[in-house]
Every structure is written in C-alpha cells, then in structure tokens.
Amino acid sequence: MSGYTAAFEVWRGDADGGQLEDFEVEVNEGEVVLDIIHRLQATRVPDLAVRWNCKAGKCGSCSAEINGRPRLMCMTRMSVFSREETVTVTPLRAFPVVRDLVTDVSFNYAKAREVPAFVPPPGVAAGDYRMQQIDVERPQEFRKCIECFLCQNTCHVVRDHEENKESFAGPRFLMRIAELDMHPLDAAAGAGVDRRKTAQDEHGLGYCNITKCCTEVCPENIQITDNALIPLKERAADRKYDPLVRLGNKIFRRPE
Amino acid sequence: MATGTEPQPRTDVPGAHGVHDASRATIAARHLRTDRWWLAPAATAAGLLAFVVYSTWRAFANADYYAAPYVSPFYSPCLAENCVPMKGGPNWEIFGSWWGLSPALLILVFPLGFRLTCYYYRKAYYRGFWASPPACAVAEPHRKYTGETRFPLVLQNIHRYFFYAAVPVAGILTYDTVLAFRDETYAWGHMGLGTLVFLVNIALIWAYTFSCHSCRHIVGAGSSTSPSTRCATGCGAGSAGSTPITWRSPGPRWSASRSPTSTCTCWRPAPSTTRGCSRRLDDQMKGAR
Amino acid sequence: MTQLERQQWDVVVVGAGGAGLRAAIEAREQGARTAVICKSLFGKAHTVMAEGGIAASMGNVNSGDNWQVHFRDTMRGGKFLNQWRMAELHAREAPDRVWELETWGALFDRTPDGRISQRNFGGHEYPRLAHVGDRTGLELIRTLQQKIVALQQEDFREFGDYEARLKIFQECTVTRVLKERGPKDDGGRVAGAFCYERESGRFFVLEAPAVVLATGGIGKSFKVTSNSWEYTGDGHALALLAGAPLLNMEFVQFHPTGMVWPPSVKGILVTESVRGDGGVLRNSEGKRFMFDYIPDVFKEKYAESEEEGDRWYEDPDNNRRPPELLPRDEVARAINSEVKAGRGSPHGGVFLDVSTRMPAETIRRRLPSMYHQFKELADVDITAEAMEVGPTCHYVMGGVAVDSDTAATRTVPGLYAAGEVAGGMHGSNRLGGNSLSDLLVFGRRAGLYAAQYATGFGAGAARPRPDTAQVDAAAAEALRPFSAQEPEPGEADGHPPENPYTLHQELQQTMNDLVGIIRRAPEMERALEKLSELRVRARRAGVEGHRQFNPGWHLALDLRNMLLVSECVARAALERTESRGGHTREDCPAMEREWRRVNLLCHLADPAATGAGRSAGGPDLARTGDHRARPSRSARPLREGRADQVPRRRGAPVMIGCTA
C-alpha cells in the first residue's frame, strides 16, 4: 500500500470560538491519526495545539474525538478509515477548550484530590505487607488506567450536564474509590472513612446510570462498569439501602 | 491557571448546556459520529418493545397457559383459585378466590422487578427508551439529569431483593421443567419439543440469575479478600458454613473477613494479625513444599 | 525590565517523573515548601513507559540475593565506570524504596507466599525486578502521584489549601535556572527558575534557594528513539547553562529491540521481557545469530547450543542462559551487524519470535501490552508471526555530575540532579530495571538534601535573590522566536526564518546517522560541523501565531537544549577512543584499561552568555580538565574483561576541547 491524500477536518480555535478547518494531507502506510496531526504541524500549521507524549498508548495524553468518537489519536490507525472518508478531529467536548485540540482537564485533577488516599494498615511495617495475587488482581485492573480521561469525557452525566460536575466524580475516580475499597490492606475504615457510603453521598455514584460508555471508550479495555462501578453500587447499597445487612452488622459485630 | 489543578469558575450562558456550554469547543452538531450509532439502541428498543407488548397481552389474557404437561412460565407458580388445575404442578392457592384478574400478574411482578432493576437491562432501556444517552458521545435531549439519586430511580438499589425473589421463582421453573418430562397423561418418560424448550429456558434463566451482579456481590465479591485466600490462610475454616452477609460486613479490613462461626484467631482486627495471618500462610507454604 | 509574577518557594523540582516526584515528596516531608514544574500534565511523565520492573535485592524469589550482589551486577554492567558510591547507595537503599511504595498503595505482583514477586532480567544474577505485568512504570508514577495528592490532602486539612506546601505547575517549562548576582558570573548560588506556562505563554519566576533537576533524558535528539517528545535534554542544558558540567555524555544506550515497522512507530520499545520469557532473535536466513556474537568474556556464562539455551528457561541451575540475554549493548551491536551484512528483515531489522516458542494463550497472558502494541500499531499478531525489531535510542547514562550522597552538583550551590539527568550511577551501560530504582533512591536523596539546604536559609534576607539582568535576558531569549525574521543586532539582514520542525528533523537525522550506535571519528567530525551549522540556523528559528499553547514556539525553545546536549554527546564520543558499554567506536573497537579511570566532563565555555540573541542554541563549549574516576578504587577487586588488550591509540591529554 502506498501513500494517498486524505481529507481532514480539524477543529481550530479557542475559548472565544472556532471552527472545523479543512486540510488535504498525505497519509503513508501504517500511520495513525497523530502522525497526520504532526504532519500538519510540521508543514502547514506550526502552531496547531495538541497534547501528546509517548505515542504508544501508554501515557493517555492525546485524547481527542475522531469522527465523533472519543479516542487516543496515537492508537487510531488511518487504515480504519476508507480513503474517501473525511476524518474529523475535534477536542474533547466535555471539558473547556483551551486551544485547538487542547482542553482544560483540571476537572479531573480536582476530583482526584477529593478521593481520600490509601490508608496504610497501622502497625504493619514497610516490607511486611502480605497480599495474595488473586486479591490484588482486582484493584490491579483499575490501576492499568492511563488517565486519558476519555471516560470522564464521554460520560453523559457531565458531558451533557455541566452543572453535575460539582457533585459527580466521574467514572475514573469512582473506579479509584472501588480500587481502594478492594485493596486488601486499605485501613480507611479504621481511620473513620467509609468509602462505600461516601461514594454515594459525596462522589455522586448515584448519578451513574451504568450505560457503559466509559467502558466502551476505555483504551486499556478496563471493565469499568462491570468490575468497578456496579460492584461499588452494590457496596454502597450494603451501607445505605439494605436493612438486612445493617441488622447483620449489629448482631455479628464483635464488641470493640 | 486553566491547565492547573483548579478548575476555572464558570460563566453561565442561558440556553447553552452540555456540549454547547459556553466553555466548550464551539461545534454546532450534537455529535459528529459517522457510524450507525442509532442502530443498537433502536434494535434494543424495538426488541424490548415487542416483548413488552406481547408479554403484557399474555399476562392479562389469563388463557392458554396450560397444556399438560407444559405450563407457561408466566403463570408459574399459579397463586390464585382461578388457576387451571395442574396435576402435580405449581398450584398454590395462597390468594384464594377473591383474586379476579389474571394469576400471572401475582407472580410476574418478581421477575419483572428483577429485570427492571437489572444492571444490564438498565443500560438497555436507559439508552433505548430514555436516550440518556442515546449512544456514547451523542448528546442526550434532556435538560436535567439526576440519574439514580432520587425517587423513583433510587429504588434501583434494591435490586438484590428481586434477586432473592428470583431464586425461588427459578427453582419453581426448574420443577416445571422436571414435570415437562411427563406426557399429557402425566406418565413419566416423555420428551417433546416443549421439553427441550423448557430445558433451554431454565438453563438460560439460571445463567441469567447467577450472573447477576448482586449475586456476585453477595457470594463474596463484596469483600476485598477472596474466599479462597481465606481458606488458603487457614483462617477461613468457618466461612464455608457462614452466611454470605458476614463477607461484606463493615469495620476494619481484617474483621471484615471474620466469620461468626470461625474460631480462627487471626481474624481479629488488630493490625498485627495481618502478619499473623501471613506467617501462618508462610508455614503452610513451607509445609506444602 | 519585564514585570513578572514571582513566587517564593523553598525547593523547586523540575520534572514530574519518578525522580522528580520522589524528590518532591521527600522535600515536602522534610518541611520544605516545594514546587514541581513539568512540561506535560501531572502523571504523564516518561516514567510510565518503563515496562520491566524495579531492581531491588529483596531476595523474595531467591534468598541468595543481597545488596552486594546487586552492586556487583551494576558495576559489571556499567563496565566499572560507575561512580561506585552511587552504585553502592543504590543497591543498599533500593529495597526500602520499593517497600515504601507499598505503604503508599502500590500493588505489585505477588509471590505465592504474598510477598512482592521478582523477575529475571538481563545482567541481574538473581530474579530481582519487582514488577506489575509489563506496566511497572505506570504503577510507579501513579503511586507517587497519589502520594503527592495524599500530602496535599493533609495540607488541605491543616491550612485549607491543597497547594499550601506542595504545588504542581503542570504544562510549564523552565528555560533557565536563575542565580544570584555573584562576584564572578558563574560563582553565584541558585536563586530560582525562569518558567513559562505552555497554555498561555505567560512567563513567571519561581524564587527558591534550591532547584532539583529531574528532567530525564535526551532521546529526542535521535531519530529512532523509544523516548517521548519531552526528552529534549532540558535538565542537561539547564545545568550546563548554570555552570554545572555534564559527565560522560558519550554513553547513550541503544535498546536492542525497538519496533521498525511501520515507520510511524519506529523506535517504540519492545520490552526485554520478550527475550526473558523465551523470545529468540533470528536473521532472514532463519538462524539464531546471537550464538555467533558471544564475546570471550561472556563465553562461560552463556549457552553454546540452542538446546542448552532452551533448557535454561526450565532449569537455570544446570544450564547456561541463551545469548539473546546478553547485556543490551552486545545484542544491539549484533543486530546492527546482521542488518549491515544483508541478513536483516524486509524493513531493516531482525526477527524476534515468540510465536513458535510459546502457546498463544501464554503469550497473551505474559506479554499483554506487547501483544496489544503490535496488534494495534503494526497489525502483527505476535502469537502467529515474528516481530521485526532493531536498535532504538533508549537512555543516556551520562548526565549532570553530582555528589554521590547528596545529588548536589559539584559547582553550583543549590543545584541538584536526580534520575536519568544525573550521570555516574550507571557507568557506561545501564542494566534493565536499575533505572526505576535509581529514580527512587536518588530522587529521595536529592529532595532530602535540597530541603535541608533550602530550609537552612530560613525565610529571611539570607536567601539568594535572582539577578534581575538574568531574568530579563531569559525573557528576551524566550521571545526571540517571534521576531526571528528580524536580523540580530549586528547581523546582516536577508535570512528567512527557519522552521523549527525542519531543524529538529535535521538534528535527529544527524545524530542518528553520525553519532548513532556505531561511531567513527570522521562521521562525528561531520556531525559537529553539522551541529554548529544547525546552531546558527536555530537562532533564526521562527514561529507563527501567538504565545498561547503554541507547539512551534515550544519546539523552537527546546531546540537550544537539544543542540547543546547533542554537541556534548558528539564531542565526548569523539574524545573517547575506545569502545565501552553504550559507546562503540568502529575505529577503536577494544575496551581500554586507561579509559576505565577517565570520566569526561563537558563544560560550557561561557555560561554567562545569557544575552538574548546570542545564547539561543549557542553552546560554546570550552576546554575543561579531565576528571579522574573515583570508582576505580573500589571497583578494582572486581574483575574487568579484556582490559589488557589495549591498542595504543589514544591521544595524550584527556580533555574535551570545545570551541564555538
């Protein structure tokens, strides 16, 4: 397969406005969308703003929307499009735009701070931690997350409702809560943090209506909905909506 | 600093919301997807709608639900006096004679509730019927969204009770399947196309019931250590016979694994027990080698 | 003068990779108010690309392991050019640093008895690498990132402000380390850093008595590299410009296995674990050629037949390991020779095959991200066909010369360096897995000593204040690309502005072709000529548009650093007339005994040349003295191979003479 010329539409602009601009650009075998954006930068529009780092799907910087689908530009091969197709590249549409393909993702960093950190088990010295592989595998799946924020971007709770950003942490950080709650040695409960209850009360777990778009766009193929959000909803139900469990706790709790 | 770690204060523009919010990239289209994203929700909606119409009709029909030896799952167990008598079949006239409507309605509320609150069905109908969202990265038509935080949708959280109810119903349908091995004269040893349909049906029902997320949670996923770990550490001796509830009891992590019937000392919540537990495991591993 | 936002901090850390974040955590825990500046978003640093693991002699899998063995392996791997004290501290402290990560929430893969699992790697005598599948770097960066957030949460509880004592300035770049106005131009202490915010283009100054450089490597000066765009040698250049010399810059590690096809992914890493788990290298004739490339010194340690090599995977005690697991420099050279001899793969690499060695299911389980990477990027199913691989620029062993214990630079008070940007720890060749542990051990030390140094000043007037002339010069320098079409003062008009992207491509091609994996004196001389030409042209690198998130401008500013560092690499490589570790001379193929005691230091001739027009890209390197290696004394008891077969070829003074 040799090179060909592809039609591209790239959104250019900033917070004050912008539009899709048309480009005809050379495409060679094996290239990905990010290569094309780089070619535009090097030959046509040197100030085209774009975030990228590793170009290997490991850092999660080059998130954008390609033909309307949230994807990593470095992992979207040109061969998935037909040669006649116009490829549209826009910035993430759930976050404030900064310039061209770059958006202000500070929402995610603010939410990250609101999740109480791992609490080490008191009295267990570093080096004495013992955990079974089978138990760490569940939280390990969530720690594959490269924080590309595609799930945060595609989640309709905040994408379509700006006002929900205040009360909803988004799939990435609800998954983080699930990860900590599934950590075999996390001692948050002993430190007075009820991760399950606060997931519902403070981080907006109830907003999630499990329509699975987070899982659909995850470039790491993490089963966010099935393995993190739904189990977390069940755990929250233990605390808030299940009188049987409460009764059980009362009866079986050993006197402190 | 907009790329800092503090979000900027927002300025609200009336009339603009969601992807058209003033802060976002100005793109007029609700979405830019070029694939047939509407196909999946449309197919789901059409399929579900057809089933809802048909099943509502059959549920209210109160007729044609028993042809010995087969009983429609909609009418099993049959809990009112107006049921067709089924020899050896699921007739329990709990509701007596005052119930005048179709007896299917009495029992269908449980499987219906189980499916209505089911996490998979929720995805299907929120997308297909409610367009919330219609598909990923396609803007939804609603101005307000509170998800499952308020009545009535907050009731989705009682899914597990419908699971508890669905288990006996599935048990009764299993009983019906056994009865399907009789012929129309109630003699055993029969097997017809209906029997096969019953077999497939009950296999799918159990698969569906046991793959329920609530079920997964109740049988142990609610704990941060797996039952096999607790068995491996020798601390889980009592857990096999204990009720599932103890696996997701609160409190410090290690007491969470405590079972009321267990006498295992290393399940105390004290931190040193972590090491106690693992030491015990170390010894076991050595023994195993 | 320009009115700029100024902020006062105790410690400024440049870079938010493993070393930078570890330094920031330590500095903050020591009570210093700490600012971290990084070019990308927080948590995107190049450390996430590390795959194999963290080397630490915890002895969880083989209890025969201890820090002395790790030390010996490191020295051997570095061909005894390592700063022995750094290698010792590294080997001693690595296990504590790894265990500490667990208390911050890291989840490593486990042994059956619940401890941290460890895996084999090239050059390590025992299974030593703590790992999480093949994404260990991501786990490391995420753990440190989350620890930073935890500290910020503490501050929020105490002060009501997350950033009271620890702040991340993300997507900001430092262009100059500022010093006080000293008695001599290069005699002053560090006083802060001059930065710009990528998003807005706004300049600001962080005033601090201590600056820790943790900016990583220089790979983006090479065309085929596994490094990300950030690796433009910023820290190396900042140190040089501040008057701190660079050590042994000729040692650049080429990882033997990078992807070669398709062109757009050329250079992306194929982890060493592929070979560790049974992958073999073949040429176009189907031959496992590595058996022909076992150097004499390694003969007794490596298998002589394919059968023996294959048995090693199952029974390592009674068989020798296959030669595919030779140190990286040996394998990279062998692949290079095969390709040159015309036995390469269609796209100029060799074949790395696991598909005939393991069942498909095992491959997918053991090497998930490699499977994913080839499937997504090259449309190659590694369970069914061989990969095509070739050497790729991966790591620079050289770097800022630092004190082994404190990570302080030797000539600039208040300037510290840790991680890849610091030199000395790895000698002439780094072992896989030693990088992540290096980040943690020396990141912590840099943070610790920087905090102690900074808090020693108190909050008062004793603190060094940035020289305002330097601030103005830095601002003018940073704005230069916007007025590139105008002639410099005293220069004839008529040059069109240069495209920074074109300059960058030419630089990469030059370094790749002329100072690459195999080096020859005439080629390096050509490279130096080309570099000085590029340096002149880079002064005219011009950009369009405005300062708001303008990648062309950012690249124009980074070019200065890349050119400066590339020149150091080329000069040092020309100077060292032997082959050792990551430095291979075709015209001087042997490792020479005398050179083992010699470290090459690269100074800037005129560090005070901060004038706006002149300095953009102008390295003006000067003669410096040689620097007798400290490692040799302790390293002597350990044996070194081939030291006695030295052809007498070396020029008399061991000096780098750099002229403008």
# chains A, B, ... in the order shown; residues from 1 in each chain; ligands from 1
$ interface_residues --of "chain C" --to "chain A" --cutoff "8 Å" --atoms "only C-alpha atoms" --output "ChimeraX atom specification"
/C:40-41,44-46,48-49,96,99-100,102-105,107,109-115,135,138-139,146-147,149-150,152-153,199,227-230,261-265,268,373,376-378,501-502,543-545,548-553
$ closest_atom_pairs --of "chain A" --to "chain B" --cutoff "7 Å" --atoms "only C-alpha atoms" --output "CSV"
residue,atom,partner,partner_atom,distance
A:Ala15,CA,B:Ser23,CA,6.2
A:Gly17,CA,B:Thr26,CA,5.7
A:Gly18,CA,B:Thr26,CA,6.0
A:Gln19,CA,B:Thr26,CA,7.0
A:Asn67,CA,B:Arg33,CA,5.2
A:Gly68,CA,B:Leu32,CA,4.0
A:Arg69,CA,B:Arg33,CA,6.3
A:Arg93,CA,B:Val19,CA,5.8
A:Ala94,CA,B:Val19,CA,6.2
A:Phe95,CA,B:Arg24,CA,6.0
A:Pro96,CA,B:Arg24,CA,4.4
A:Val97,CA,B:Arg24,CA,5.2
A:Asp104,CA,B:Thr3,CA,5.5
A:Val105,CA,B:Thr3,CA,6.8
A:Ser106,CA,B:Thr5,CA,4.8
A:Phe107,CA,B:Pro7,CA,5.5
A:Tyr109,CA,B:Thr5,CA,5.3
A:Ala110,CA,B:Glu6,CA,5.9
A:Pro121,CA,B:Pro271,CA,6.5
A:Pro122,CA,B:Pro271,CA,6.0
A:Gly123,CA,B:Pro271,CA,5.7
A:Val124,CA,B:Pro271,CA,6.5
A:Arg130,CA,B:Ser278,CA,6.2
A:Gln132,CA,B:Thr229,CA,6.9
A:Asp135,CA,B:Thr225,CA,5.5
A:Thr154,CA,B:Ala137,CA,5.4
A:His156,CA,B:Pro133,CA,6.3
A:Arg159,CA,B:Gly18,CA,5.6
A:Asp160,CA,B:Gly18,CA,3.6
A:His161,CA,B:Gly18,CA,4.8
A:Glu162,CA,B:Gly18,CA,5.7
A:Met182,CA,B:Ser224,CA,4.5
A:His183,CA,B:Ser224,CA,6.2
A:Pro184,CA,B:Ser224,CA,5.2
A:Leu185,CA,B:Arg253,CA,6.8
A:Ala187,CA,B:Arg253,CA,6.2
A:Ala189,CA,B:Pro252,CA,5.4
A:Gly190,CA,B:Pro252,CA,5.1
A:Gly206,CA,B:Thr149,CA,4.7
A:Tyr207,CA,B:Gly147,CA,4.2
A:Cys208,CA,B:Gly147,CA,6.1
A:Asn209,CA,B:Gly147,CA,5.9
A:Ile210,CA,B:Lys123,CA,5.8
A:Thr211,CA,B:Lys123,CA,4.4
A:Cys213,CA,B:Cys136,CA,5.3
A:Pro231,CA,B:His217,CA,6.7
A:Glu234,CA,B:Ser214,CA,6.5
A:Arg235,CA,B:Gly222,CA,6.4
A:Ala237,CA,B:Asn157,CA,6.1
A:Tyr241,CA,B:Asn157,CA,6.6
A:Val245,CA,B:Ile245,CA,6.5
A:Gly248,CA,B:Ile245,CA,6.9
A:Asn249,CA,B:Ser249,CA,6.0
A:Phe252,CA,B:Pro260,CA,6.6
$ closest_residue --among "C:Pro500, C:Gly456, C:Gly201, C:Gly582" --to "chain B" --atoms "only C-alpha atoms"
C:Gly201
$ atom_distance --atom1 "CA of Leu352 in chain C" --atom2 "CA of Ile382 in chain C"
9.3 Å
$ atom_distance --atom1 "CA of Tyr70 in chain B" --atom2 "CA of Gly194 in chain B"
7.2 Å
